[in-house]
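Engineer: start04.cif is the file, holding mmCIF, C-alpha atoms and all ligand atoms:
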```
data_work
#
loop_
_atom_site.label_atom_id
_atom_site.label_comp_id
_atom_site.auth_asym_id
_atom_site.auth_seq_id
_atom_site.Cartn_x
_atom_site.Cartn_y
_atom_site.Cartn_z
CA MET A 18 90.36 69.78 -12.06
CA THR A 19 88.81 67.99 -9.09
CA LEU A 20 87.72 70.05 -6.11
CA GLU A 21 90.24 68.17 -4.02
CA LYS A 22 93.11 69.42 -6.21
CA LYS A 23 91.62 72.86 -6.49
CA VAL A 24 91.30 73.33 -2.74
CA VAL A 25 94.98 72.43 -2.32
CA GLU A 26 95.93 74.91 -5.00
CA GLU A 27 93.88 77.63 -3.33
CA PHE A 28 95.59 76.80 -0.06
CA ARG A 29 99.06 77.21 -1.61
CA LYS A 30 98.05 80.52 -3.11
CA TYR A 31 96.55 81.95 0.04
CA PHE A 32 98.63 80.52 2.88
CA GLY A 33 101.79 79.48 1.03
CA GLY A 34 103.26 75.98 1.33
CA GLU A 35 101.37 72.70 1.55
CA PRO A 36 98.34 71.78 3.66
CA ASP A 37 98.77 68.86 6.08
CA GLU A 38 95.50 67.22 5.07
CA VAL A 39 92.38 67.53 2.98
CA VAL A 40 89.07 66.61 4.58
CA ARG A 41 85.72 66.11 2.89
CA ALA A 42 82.15 66.02 4.16
CA PRO A 43 79.23 65.37 1.78
CA GLY A 44 75.79 66.87 1.26
CA ARG A 45 72.86 64.50 1.24
CA VAL A 46 69.66 63.53 -0.45
CA ASN A 47 66.90 61.82 1.48
CA LEU A 48 65.36 58.84 -0.32
CA ILE A 49 62.44 58.56 2.09
CA GLY A 50 61.47 59.45 5.68
CA GLU A 51 60.66 63.15 5.53
CA HIS A 52 59.80 65.28 8.55
CA THR A 53 60.16 62.21 10.69
CA ASP A 54 63.56 62.93 12.29
CA TYR A 55 62.33 65.45 14.84
CA ASN A 56 59.52 63.03 15.62
CA GLY A 57 62.05 60.43 16.72
CA GLY A 58 61.24 58.32 13.67
CA PHE A 59 63.01 56.81 10.68
CA VAL A 60 64.81 58.36 7.71
CA MET A 61 66.78 56.85 4.83
CA PRO A 62 69.12 59.42 3.30
CA MET A 63 72.35 58.89 1.38
CA ALA A 64 75.51 60.99 1.21
CA ILE A 65 75.98 62.39 -2.31
CA ASN A 66 78.91 63.08 -4.60
CA ARG A 67 78.80 66.78 -3.78
CA ALA A 68 80.70 67.90 -0.76
CA MET A 69 82.62 70.49 1.23
CA PHE A 70 86.39 70.14 0.98
CA MET A 71 88.85 71.74 3.38
CA ALA A 72 92.62 71.86 2.94
CA ILE A 73 93.98 72.33 6.45
CA ARG A 74 97.26 72.91 8.29
CA TYR A 75 98.01 72.69 11.99
CA ARG A 76 98.91 75.86 13.91
CA SER A 77 100.76 75.73 17.18
CA ASP A 78 98.57 78.49 18.67
CA LYS A 79 94.82 78.81 19.31
CA GLU A 80 93.86 80.71 16.19
CA VAL A 81 91.71 79.53 13.31
CA HIS A 82 92.45 81.28 10.01
CA LEU A 83 90.12 80.53 7.14
CA LEU A 84 89.48 81.35 3.55
CA SER A 85 86.22 80.49 1.87
CA ALA A 86 87.25 79.99 -1.73
CA ASP A 87 83.55 79.92 -2.64
CA PHE A 88 82.94 83.41 -1.27
CA HIS A 89 86.53 84.67 -1.80
CA GLN A 90 86.36 85.74 1.80
CA PRO A 91 88.75 85.27 4.73
CA ALA A 92 87.69 84.96 8.38
CA ARG A 93 89.47 84.21 11.63
CA PHE A 94 88.78 83.66 15.31
CA ARG A 95 90.61 82.65 18.52
CA LEU A 96 89.69 79.41 20.21
CA ASP A 97 90.21 80.90 23.67
CA ASP A 98 87.93 83.87 23.07
CA PHE A 99 85.07 83.82 20.59
CA LYS A 100 81.38 84.61 20.51
CA TYR A 101 78.55 84.79 18.01
CA LEU A 102 78.80 87.96 15.90
CA LYS A 103 76.38 87.99 12.96
CA PRO A 104 74.99 85.67 10.27
CA HIS A 105 78.09 84.49 8.39
CA TRP A 106 79.55 81.16 7.28
CA VAL A 107 82.27 81.32 9.96
CA GLU A 108 79.59 81.02 12.65
CA TYR A 109 79.01 77.39 11.63
CA ILE A 110 82.65 76.68 12.36
CA LYS A 111 82.61 78.59 15.63
CA GLY A 112 79.46 76.69 16.58
CA VAL A 113 81.28 73.41 15.97
CA ALA A 114 84.29 74.63 17.99
CA ASN A 115 81.93 75.56 20.81
CA GLY A 116 80.36 72.09 20.83
CA LEU A 117 83.74 70.38 20.85
CA GLN A 118 84.96 72.55 23.70
CA LYS A 119 81.80 71.77 25.67
CA ARG A 120 82.85 68.14 25.34
CA LYS A 121 86.20 69.09 26.88
CA LEU A 122 88.11 68.21 23.73
CA PRO A 123 91.32 70.28 23.70
CA LEU A 124 91.39 72.20 20.42
CA GLN A 125 94.37 73.30 18.40
CA GLY A 126 94.43 76.20 15.94
CA TRP A 127 94.61 75.64 12.19
CA GLU A 128 94.47 77.37 8.87
CA GLY A 129 92.19 76.15 6.17
CA VAL A 130 90.76 76.83 2.75
CA MET A 131 87.20 75.72 2.07
CA LEU A 132 85.68 74.87 -1.26
CA GLY A 133 82.44 73.03 -1.92
CA ASP A 134 79.99 72.06 -4.64
CA VAL A 135 76.84 71.38 -2.62
CA PRO A 136 74.48 74.01 -3.99
CA ARG A 137 73.46 76.33 -1.14
CA GLY A 138 69.82 76.74 -0.19
CA SER A 139 68.60 73.93 -2.41
CA GLY A 140 67.93 71.49 0.43
CA LEU A 141 70.98 69.27 -0.08
CA SER A 142 72.45 70.13 3.32
CA SER A 143 75.41 72.31 2.46
CA SER A 144 75.41 73.50 6.06
CA ALA A 145 75.66 69.98 7.50
CA ALA A 146 78.56 69.37 5.09
CA LEU A 147 80.26 72.50 6.38
CA GLU A 148 79.72 71.51 10.02
CA LEU A 149 81.02 67.98 9.56
CA ALA A 150 84.02 69.12 7.52
CA ALA A 151 84.86 71.59 10.30
CA ALA A 152 84.50 68.90 12.97
CA LYS A 153 86.76 66.62 10.93
CA ALA A 154 89.32 69.40 10.52
CA PHE A 155 89.39 69.98 14.29
CA SER A 156 89.72 66.27 14.96
CA GLU A 157 92.68 66.00 12.56
CA VAL A 158 94.67 68.96 13.87
CA SER A 159 93.81 68.39 17.53
CA ASN A 160 94.17 64.65 17.29
CA PHE A 161 91.05 63.56 19.13
CA PRO A 162 89.32 60.32 18.15
CA TRP A 163 86.51 60.59 15.61
CA ASP A 164 83.12 59.54 16.93
CA PRO A 165 80.82 59.90 13.90
CA VAL A 166 77.56 59.94 15.87
CA ASP A 167 78.72 62.42 18.47
CA MET A 168 80.21 64.61 15.76
CA ALA A 169 76.84 64.68 14.01
CA VAL A 170 75.28 65.82 17.27
CA VAL A 171 77.96 68.54 17.55
CA GLY A 172 76.95 69.68 14.06
CA GLN A 173 73.27 69.72 14.95
CA GLU A 174 73.98 71.66 18.15
CA ALA A 175 75.98 74.21 16.16
CA GLU A 176 72.99 74.66 13.92
CA ASN A 177 70.35 74.71 16.68
CA ASP A 178 72.12 76.59 19.44
CA TRP A 179 74.74 78.72 17.69
CA VAL A 180 73.35 79.58 14.27
CA GLY A 181 69.74 79.35 15.45
CA VAL A 182 68.19 76.95 12.91
CA ASN A 183 65.85 74.41 14.42
CA CYS A 184 66.75 71.32 12.32
CA GLY A 185 66.57 67.64 13.23
CA ILE A 186 69.50 65.19 13.22
CA MET A 187 69.17 63.58 9.77
CA ASP A 188 71.45 65.84 7.72
CA GLN A 189 74.38 65.76 10.11
CA MET A 190 74.07 62.01 10.72
CA ILE A 191 74.28 61.14 7.05
CA SER A 192 77.05 63.64 6.32
CA SER A 193 78.98 61.96 9.10
CA CYS A 194 78.02 58.28 8.77
CA GLY A 195 77.35 57.76 5.04
CA GLN A 196 78.85 54.78 3.24
CA ALA A 197 79.63 54.50 -0.48
CA GLY A 198 76.99 52.60 -2.44
CA HIS A 199 74.54 52.63 0.48
CA ALA A 200 71.66 54.59 1.87
CA TYR A 201 71.38 54.80 5.66
CA LEU A 202 68.30 53.69 7.54
CA LEU A 203 68.50 55.74 10.71
CA ASP A 204 66.46 55.51 13.87
CA CYS A 205 66.43 59.17 14.86
CA ARG A 206 65.66 58.43 18.49
CA SER A 207 68.39 55.90 19.30
CA LEU A 208 70.71 57.22 16.54
CA GLU A 209 71.34 53.63 15.54
CA GLY A 210 71.60 53.10 11.82
CA ARG A 211 71.91 50.41 9.19
CA HIS A 212 73.64 50.80 5.83
CA VAL A 213 71.40 49.49 3.09
CA PRO A 214 72.90 48.82 -0.36
CA LEU A 215 71.32 50.64 -3.29
CA PRO A 216 69.70 48.20 -5.71
CA ASP A 217 71.56 47.32 -8.90
CA GLY A 218 70.46 48.82 -12.17
CA VAL A 219 68.98 52.03 -10.81
CA LYS A 220 70.23 55.57 -10.32
CA VAL A 221 69.25 58.21 -7.84
CA VAL A 222 68.61 61.50 -9.61
CA ILE A 223 68.36 64.85 -7.86
CA LEU A 224 66.12 67.42 -9.55
CA ASP A 225 66.57 70.99 -8.42
CA THR A 226 63.43 73.00 -9.17
CA GLY A 227 65.36 76.25 -8.90
CA THR A 228 62.72 77.51 -6.46
CA ARG A 229 64.03 78.45 -3.05
CA ARG A 230 62.35 77.95 0.25
CA GLY A 231 60.95 81.29 1.30
CA LEU A 232 59.34 81.07 4.71
CA VAL A 233 60.71 77.65 5.37
CA ASP A 234 61.93 78.32 8.91
CA SER A 235 58.59 79.50 10.22
CA ALA A 236 56.66 76.80 8.34
CA TYR A 237 59.10 74.14 9.61
CA ASN A 238 58.67 75.29 13.20
CA GLU A 239 54.92 75.36 12.75
CA ARG A 240 54.95 71.74 11.54
CA ARG A 241 57.04 70.75 14.53
CA GLN A 242 54.54 72.36 16.83
CA GLN A 243 51.61 70.63 15.15
CA CYS A 244 53.38 67.32 15.66
CA GLU A 245 53.79 68.18 19.35
CA GLU A 246 50.07 68.86 19.59
CA ALA A 247 49.37 65.41 18.18
CA CYS A 248 51.78 63.94 20.75
CA GLU A 249 49.85 65.61 23.54
CA PHE A 250 46.63 64.08 22.29
CA PHE A 251 48.14 60.60 22.25
CA GLY A 252 50.05 61.10 25.50
CA VAL A 253 53.46 60.32 24.02
CA ALA A 254 56.72 62.27 23.86
CA LEU A 255 57.32 61.56 20.16
CA LEU A 256 54.97 60.66 17.29
CA ARG A 257 57.26 57.73 16.62
CA ASP A 258 55.56 56.06 19.56
CA VAL A 259 52.07 56.11 18.11
CA ARG A 260 51.30 52.80 16.41
CA PRO A 261 49.38 53.12 13.13
CA GLU A 262 46.51 51.03 14.60
CA THR A 263 46.22 53.39 17.56
CA PHE A 264 46.32 56.37 15.27
CA PHE A 265 43.62 55.15 12.92
CA ALA A 266 41.41 54.05 15.81
CA LYS A 267 41.42 57.55 17.30
CA ALA A 268 42.14 59.75 14.29
CA ASP A 269 38.60 61.12 13.97
CA GLN A 270 38.83 62.68 17.44
CA LEU A 271 41.69 64.93 16.28
CA PRO A 272 41.23 68.35 14.70
CA GLU A 273 41.67 68.00 10.94
CA LEU A 274 45.00 69.75 10.62
CA THR A 275 46.61 67.84 13.48
CA ARG A 276 45.20 64.61 12.08
CA LYS A 277 46.75 65.23 8.67
CA ARG A 278 50.13 66.16 10.09
CA ALA A 279 50.22 63.12 12.35
CA ARG A 280 48.98 60.83 9.58
CA HIS A 281 51.90 61.87 7.41
CA VAL A 282 54.49 61.24 10.09
CA ILE A 283 53.06 57.91 11.25
CA THR A 284 52.58 56.48 7.76
CA GLU A 285 55.95 57.85 6.62
CA ASP A 286 57.72 55.91 9.35
CA GLN A 287 56.03 52.74 8.07
CA ARG A 288 56.97 53.51 4.47
CA THR A 289 60.56 54.16 5.45
CA LEU A 290 60.90 50.87 7.30
CA GLU A 291 59.37 49.02 4.38
CA ALA A 292 61.60 50.91 1.95
CA ALA A 293 64.70 49.68 3.76
CA GLU A 294 63.42 46.09 3.59
CA VAL A 295 62.55 46.13 -0.09
CA MET A 296 65.74 47.95 -0.97
CA ALA A 297 67.84 45.37 0.84
CA ALA A 298 65.96 42.73 -1.16
CA GLY A 299 66.77 44.57 -4.40
CA ASN A 300 63.14 45.45 -5.08
CA ALA A 301 63.59 48.87 -6.70
CA GLU A 302 60.05 48.91 -8.06
CA ARG A 303 58.45 48.79 -4.65
CA LEU A 304 60.93 51.35 -3.38
CA GLY A 305 59.78 53.66 -6.16
CA GLU A 306 56.12 53.15 -5.22
CA LEU A 307 56.86 54.05 -1.63
CA MET A 308 58.63 57.20 -2.78
CA ASP A 309 55.55 58.17 -4.80
CA GLN A 310 53.32 57.60 -1.77
CA SER A 311 55.65 59.67 0.37
CA HIS A 312 55.27 62.58 -2.03
CA VAL A 313 51.49 62.43 -1.96
CA SER A 314 51.53 62.39 1.82
CA LEU A 315 53.94 65.35 2.00
CA ARG A 316 51.86 67.24 -0.53
CA ASP A 317 48.37 66.58 0.83
CA ASP A 318 48.79 65.80 4.53
CA PHE A 319 51.94 67.54 5.66
CA GLU A 320 51.54 70.31 3.06
CA VAL A 321 55.21 71.14 2.60
CA SER A 322 55.45 70.77 -1.18
CA ASN A 323 55.00 73.59 -3.69
CA ASP A 324 53.81 73.85 -7.29
CA ALA A 325 57.31 73.57 -8.72
CA LEU A 326 58.05 70.40 -6.76
CA ASN A 327 54.70 68.87 -7.70
CA GLU A 328 55.33 69.70 -11.34
CA MET A 329 58.83 68.23 -11.20
CA VAL A 330 57.55 65.03 -9.60
CA GLU A 331 54.78 64.66 -12.18
CA ILE A 332 57.08 65.25 -15.12
CA SER A 333 59.53 62.72 -13.70
CA ARG A 334 56.86 60.11 -13.09
CA ALA A 335 55.72 60.38 -16.72
CA GLN A 336 59.16 59.39 -18.07
CA PRO A 337 59.95 55.83 -19.08
CA GLY A 338 62.23 54.11 -16.59
CA CYS A 339 61.22 56.30 -13.65
CA LEU A 340 60.31 54.05 -10.73
CA GLY A 341 59.34 56.78 -8.27
CA ALA A 342 59.80 60.43 -7.40
CA ARG A 343 59.17 62.73 -4.49
CA MET A 344 60.14 66.04 -2.98
CA THR A 345 63.12 65.71 -0.66
CA GLY A 346 64.29 67.71 2.35
CA ALA A 347 62.30 70.31 4.24
CA GLY A 348 60.21 71.27 1.20
CA PHE A 349 58.63 74.55 0.01
CA GLY A 350 61.10 74.53 -2.87
CA GLY A 351 64.50 73.03 -3.49
CA CYS A 352 64.88 69.51 -4.84
CA ALA A 353 62.98 66.41 -5.76
CA VAL A 354 64.56 62.98 -5.95
CA ALA A 355 63.77 60.27 -8.48
CA LEU A 356 64.68 56.62 -8.78
CA VAL A 357 65.41 55.81 -12.41
CA GLN A 358 66.53 52.72 -14.28
CA SER A 359 70.21 53.16 -15.16
CA ASP A 360 69.76 52.55 -18.86
CA ALA A 361 67.03 55.19 -19.06
CA VAL A 362 68.77 57.84 -17.03
CA ASP A 363 70.27 59.96 -19.82
CA VAL A 364 67.02 60.29 -21.71
CA PHE A 365 65.21 60.86 -18.41
CA ALA A 366 67.49 63.77 -17.52
CA GLU A 367 67.11 65.37 -20.93
CA ASN A 368 63.33 65.04 -21.02
CA VAL A 369 62.80 66.26 -17.50
CA MET A 370 64.93 69.33 -18.13
CA ALA A 371 63.16 70.19 -21.35
CA ASN A 372 59.63 69.56 -20.05
CA TYR A 373 60.17 71.35 -16.77
CA ASN A 374 61.64 74.31 -18.56
CA ARG A 375 58.71 74.44 -20.95
CA GLU A 376 56.10 74.20 -18.17
CA THR A 377 57.64 76.58 -15.67
CA LYS A 378 60.03 78.80 -17.65
CA THR A 379 62.72 78.02 -15.09
CA GLU A 380 65.97 76.23 -15.62
CA PRO A 381 66.18 73.11 -13.43
CA ALA A 382 69.42 71.38 -12.49
CA VAL A 383 69.65 67.61 -12.73
CA TYR A 384 72.31 65.64 -10.85
CA VAL A 385 72.68 61.93 -11.29
CA THR A 386 74.27 61.06 -7.98
CA GLU A 387 76.06 58.24 -6.23
CA ALA A 388 76.12 57.32 -2.58
CA THR A 389 79.46 58.34 -1.09
CA GLN A 390 81.31 58.05 2.17
CA GLY A 391 80.62 60.38 5.11
CA ALA A 392 83.11 62.86 6.58
CA CYS A 393 86.67 61.66 6.13
CA ARG A 394 90.27 62.62 5.58
CA LEU A 395 91.30 62.03 2.00
CA GLU A 396 94.25 59.76 1.26
CA LYS A 397 97.22 61.60 -0.14
C1 LIG A 401 65.53 69.61 6.94
C2 LIG A 401 66.08 69.37 8.34
C3 LIG A 401 66.09 67.88 8.67
C4 LIG A 401 64.74 67.24 8.41
C5 LIG A 401 64.22 67.61 7.03
C6 LIG A 401 62.83 67.11 6.77
O1 LIG A 401 66.40 69.06 5.99
O2 LIG A 401 67.38 69.89 8.44
O3 LIG A 401 66.51 67.70 10.00
O4 LIG A 401 63.83 67.58 9.41
O5 LIG A 401 64.25 69.00 6.82
O6 LIG A 401 62.81 65.72 6.71
#
```
What's the structure tokens form of this structure?
Structural biologist:
Amino acid sequence: MTLEKKVVEEFRKYFGGEPDEVVRAPGRVNLIGEHTDYNGGFVMPMAINRAMFMAIRYRSDKEVHLLSADFHQPARFRLDDFKYLKPHWVEYIKGVANGLQKRKLPLQGWEGVMLGDVPRGSGLSSSAALELAAAKAFSEVSNFPWDPVDMAVVGQEAENDWVGVNCGIMDQMISSCGQAGHAYLLDCRSLEGRHVPLPDGVKVVILDTGTRRGLVDSAYNERRQQCEEACEFFGVALLRDVRPETFFAKADQLPELTRKRARHVITEDQRTLEAAEVMAAGNAERLGELMDQSHVSLRDDFEVSNDALNEMVEISRAQPGCLGARMTGAGFGGCAVALVQSDAVDVFAENVMANYNRETKTEPAVYVTEATQGACRLEK
């Protein structure tokens, strides 16, 4: 049974009767442009065929009644009186409600059942999917117009200011703005984006190493700070504003660590812009090369990869039909992404699973994915 049907069934069981609507917001995989979003630079993620679904029904009062069918756990809160309590999935939804109320959008209560298949903690943005699905649910029951960019910002604010995770804007933007069959080249400073069609004849494959990011929050914040130090040196607000020529002319005056961090970000922006060009031109081979280069830069200069990710990338690269592979997301564990010729993809998946398992004694997960639409209400 599809998740869409299942979430409706769970709704009937728990609340009785029919939901008014089902909304969906996807997870994401980033093809290229890593650790560039908080530097005001460029990213090129796509929304994947794994998502958070919510079956929802309007309430005439100001209460939100929820059931997480994933956790088999209910939760509720009142829109006229709520505050942060403790780490819990409902805080993401309260954080979204808070952001919407700050925008003076009048909110209506609702009941909803949530069910998703974005693996949690693997770096595929299950939390952005949750935030955008919640925003969509509020917009449906409260009947305010859907502004995909502002709703992504609401999601990011929920994460930064309510839940307390210091992420950039990429995950929420793609969960909100994704388009089927396309990746999204996003300028993370202006929040302007361009949908770029995926080349024919290739598949995007997500490879979950099964390792989870341990100290990712502190390491992520440390990287952000190192980028700020580089900005100070160059006298700019964001590394996005340092031209590669300027960087290379002055690089040897920087302390080594700052130089490496900045070199990653500045060259990654260039790779991402080129990736969008070659992808639009259907040049999957060059796209793959750029992905490979991105991995090397993340591994050696930004130092956010780990052994499992490096192993996964190497095993992938050794397979016939693999055009490129890299770690994706924040790093320190989680997933890699590979670009693979469609006719080689089945053998690729089998070989990667077997080889990775043999080398690391861990069971990887392999998802051949498609680019899907961002947050939306599903047609009945
Ligand atoms: C995490 C963050 C994003 C982005 C990536 C790294 O996924 O949530 O905002 O910074 O890491 O590219």
Engineer: Could you tell me which of A:Glu239, A:Asp98, A:Glu246, A:Asp188 comes closest to ligand LIG 401 (chain A) if we count only C-alpha atoms and all ligand atoms?
Structural biologist: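 Smallest separation from ligand LIG 401 (chain A) among the options: A:Asp188.
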Engineer: Would you name the residues within 9 Å of ligand LIG 401 (chain A), counting only C-alpha atoms and all ligand atoms, and put them as a short mmCIF file (atom, residue, chain, number, x, y, z; two decimals) with C-alpha atoms, keeping the file's coordinate frame?
Structural biologist:
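part-v5.cif was written with the following content:
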```
data_model
loop_
_atom_site.label_atom_id
_atom_site.label_comp_id
_atom_site.auth_asym_id
_atom_site.auth_seq_id
_atom_site.Cartn_x
_atom_site.Cartn_y
_atom_site.Cartn_z
CA ASN A 47 66.90 61.82 1.48
CA ILE A 49 62.44 58.56 2.09
CA GLY A 50 61.47 59.45 5.68
CA GLU A 51 60.66 63.15 5.53
CA HIS A 52 59.80 65.28 8.55
CA THR A 53 60.16 62.21 10.69
CA ASP A 54 63.56 62.93 12.29
CA TYR A 55 62.33 65.45 14.84
CA ASN A 56 59.52 63.03 15.62
CA VAL A 60 64.81 58.36 7.71
CA GLY A 140 67.93 71.49 0.43
CA LEU A 141 70.98 69.27 -0.08
CA SER A 142 72.45 70.13 3.32
CA ALA A 145 75.66 69.98 7.50
CA GLN A 173 73.27 69.72 14.95
CA VAL A 182 68.19 76.95 12.91
CA ASN A 183 65.85 74.41 14.42
CA CYS A 184 66.75 71.32 12.32
CA GLY A 185 66.57 67.64 13.23
CA ILE A 186 69.50 65.19 13.22
CA MET A 187 69.17 63.58 9.77
CA ASP A 188 71.45 65.84 7.72
CA GLN A 189 74.38 65.76 10.11
CA TYR A 237 59.10 74.14 9.61
CA THR A 345 63.12 65.71 -0.66
CA GLY A 346 64.29 67.71 2.35
CA ALA A 347 62.30 70.31 4.24
CA GLY A 348 60.21 71.27 1.20
#
```
Engineer: Between A:Val259, A:Val233, A:Ala266, A:Val171, which is the closest to Gln287 of chain A once you count only C-alpha atoms?
Structural biologist: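 Nearest to Gln287 of chain A: A:Val259.
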Engineer: Using atom CA of Ser192 of chain A and atom CA of Ala392 of chain A as the two end points, give the distance in Å to one decimal.
Structural biologist: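 Atom CA of Ala392 of chain A lies at a distance of 6.1 Å from atom CA of Ser192 of chain A.
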Engineer: Have a look at A:Gly57, A:Gly350, A:Pro36, A:Gly126 and name the one nearest to Glu245 of chain A; count only C-alpha atoms.
Structural biologist: A:Gly57
Engineer: Mind pulling up the distance from atom CA of Trp106 of chain A to atom CA of Gly195 of chain A?
Structural biologist: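 It comes out at 23.6 Å.
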Engineer: What separation in Å, quoted to one decimal, exists between atom CA of Gln242 of chain A and atom CA of Ala325 of chain A?
Structural biologist: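 Answer for the atom CA of Gln242 of chain A to atom CA of Ala325 of chain A separation: 25.7 Å.
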Engineer: Rank nothing, just name the residue among A:Gln196, A:Asn323, A:Asn372, A:Gln310 nearest to Pro214 of chain A, using all atoms listed in the file.
Structural biologist: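 Selected residue with least distance to Pro214 of chain A: A:Gln196.
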Engineer: Step by step: start from the point (89.4, 59.6, 4.2) in the file's coordinates, keep every protein, DNA or RNA residue that has an atom no farther than 12 Å from it, count all atoms listed in the file, and write the set as a ChimeraX atom specification.
Structural biologist: /A:21,38-43,70,150,153-154,157,163,193,196-197,389-397
Engineer: Excluding Gln358 of chain A and residues on its chain fewer than 3 positions from it, collect all residues at most 6 Å away from it, counting all atoms listed in the file, and give them as number ranges by chain.
Structural biologist: A: 218-219, 338, 361
Engineer: Every residue with an atom at most 12 Å from (89.2, 74.2, -5.5) (file coordinates; all atoms listed in the file) is what I'm after, so could you write them as JSON, numbers by chain?
Structural biologist: {"A": [18, 19, 20, 21, 22, 23, 24, 25, 26, 27, 28, 29, 30, 39, 68, 69, 70, 71, 72, 84, 85, 86, 87, 88, 89, 130, 131, 132, 133, 134]}
Engineer: Please determine, counting only C-alpha atoms, which residue among A:Phe59, A:Tyr384, A:Phe265, A:Tyr101 has the shortest atom-to-atom distance to Val354 of chain A.
Structural biologist: A:Tyr384
Engineer: Counting all atoms listed in the file, figure out which residue out of A:Met344, A:Cys244, A:Leu149, A:Leu208 gets nearest to Val282 of chain A.
Structural biologist: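 Checking each candidate against Val282 of chain A, we get A:Cys244 as the closest.
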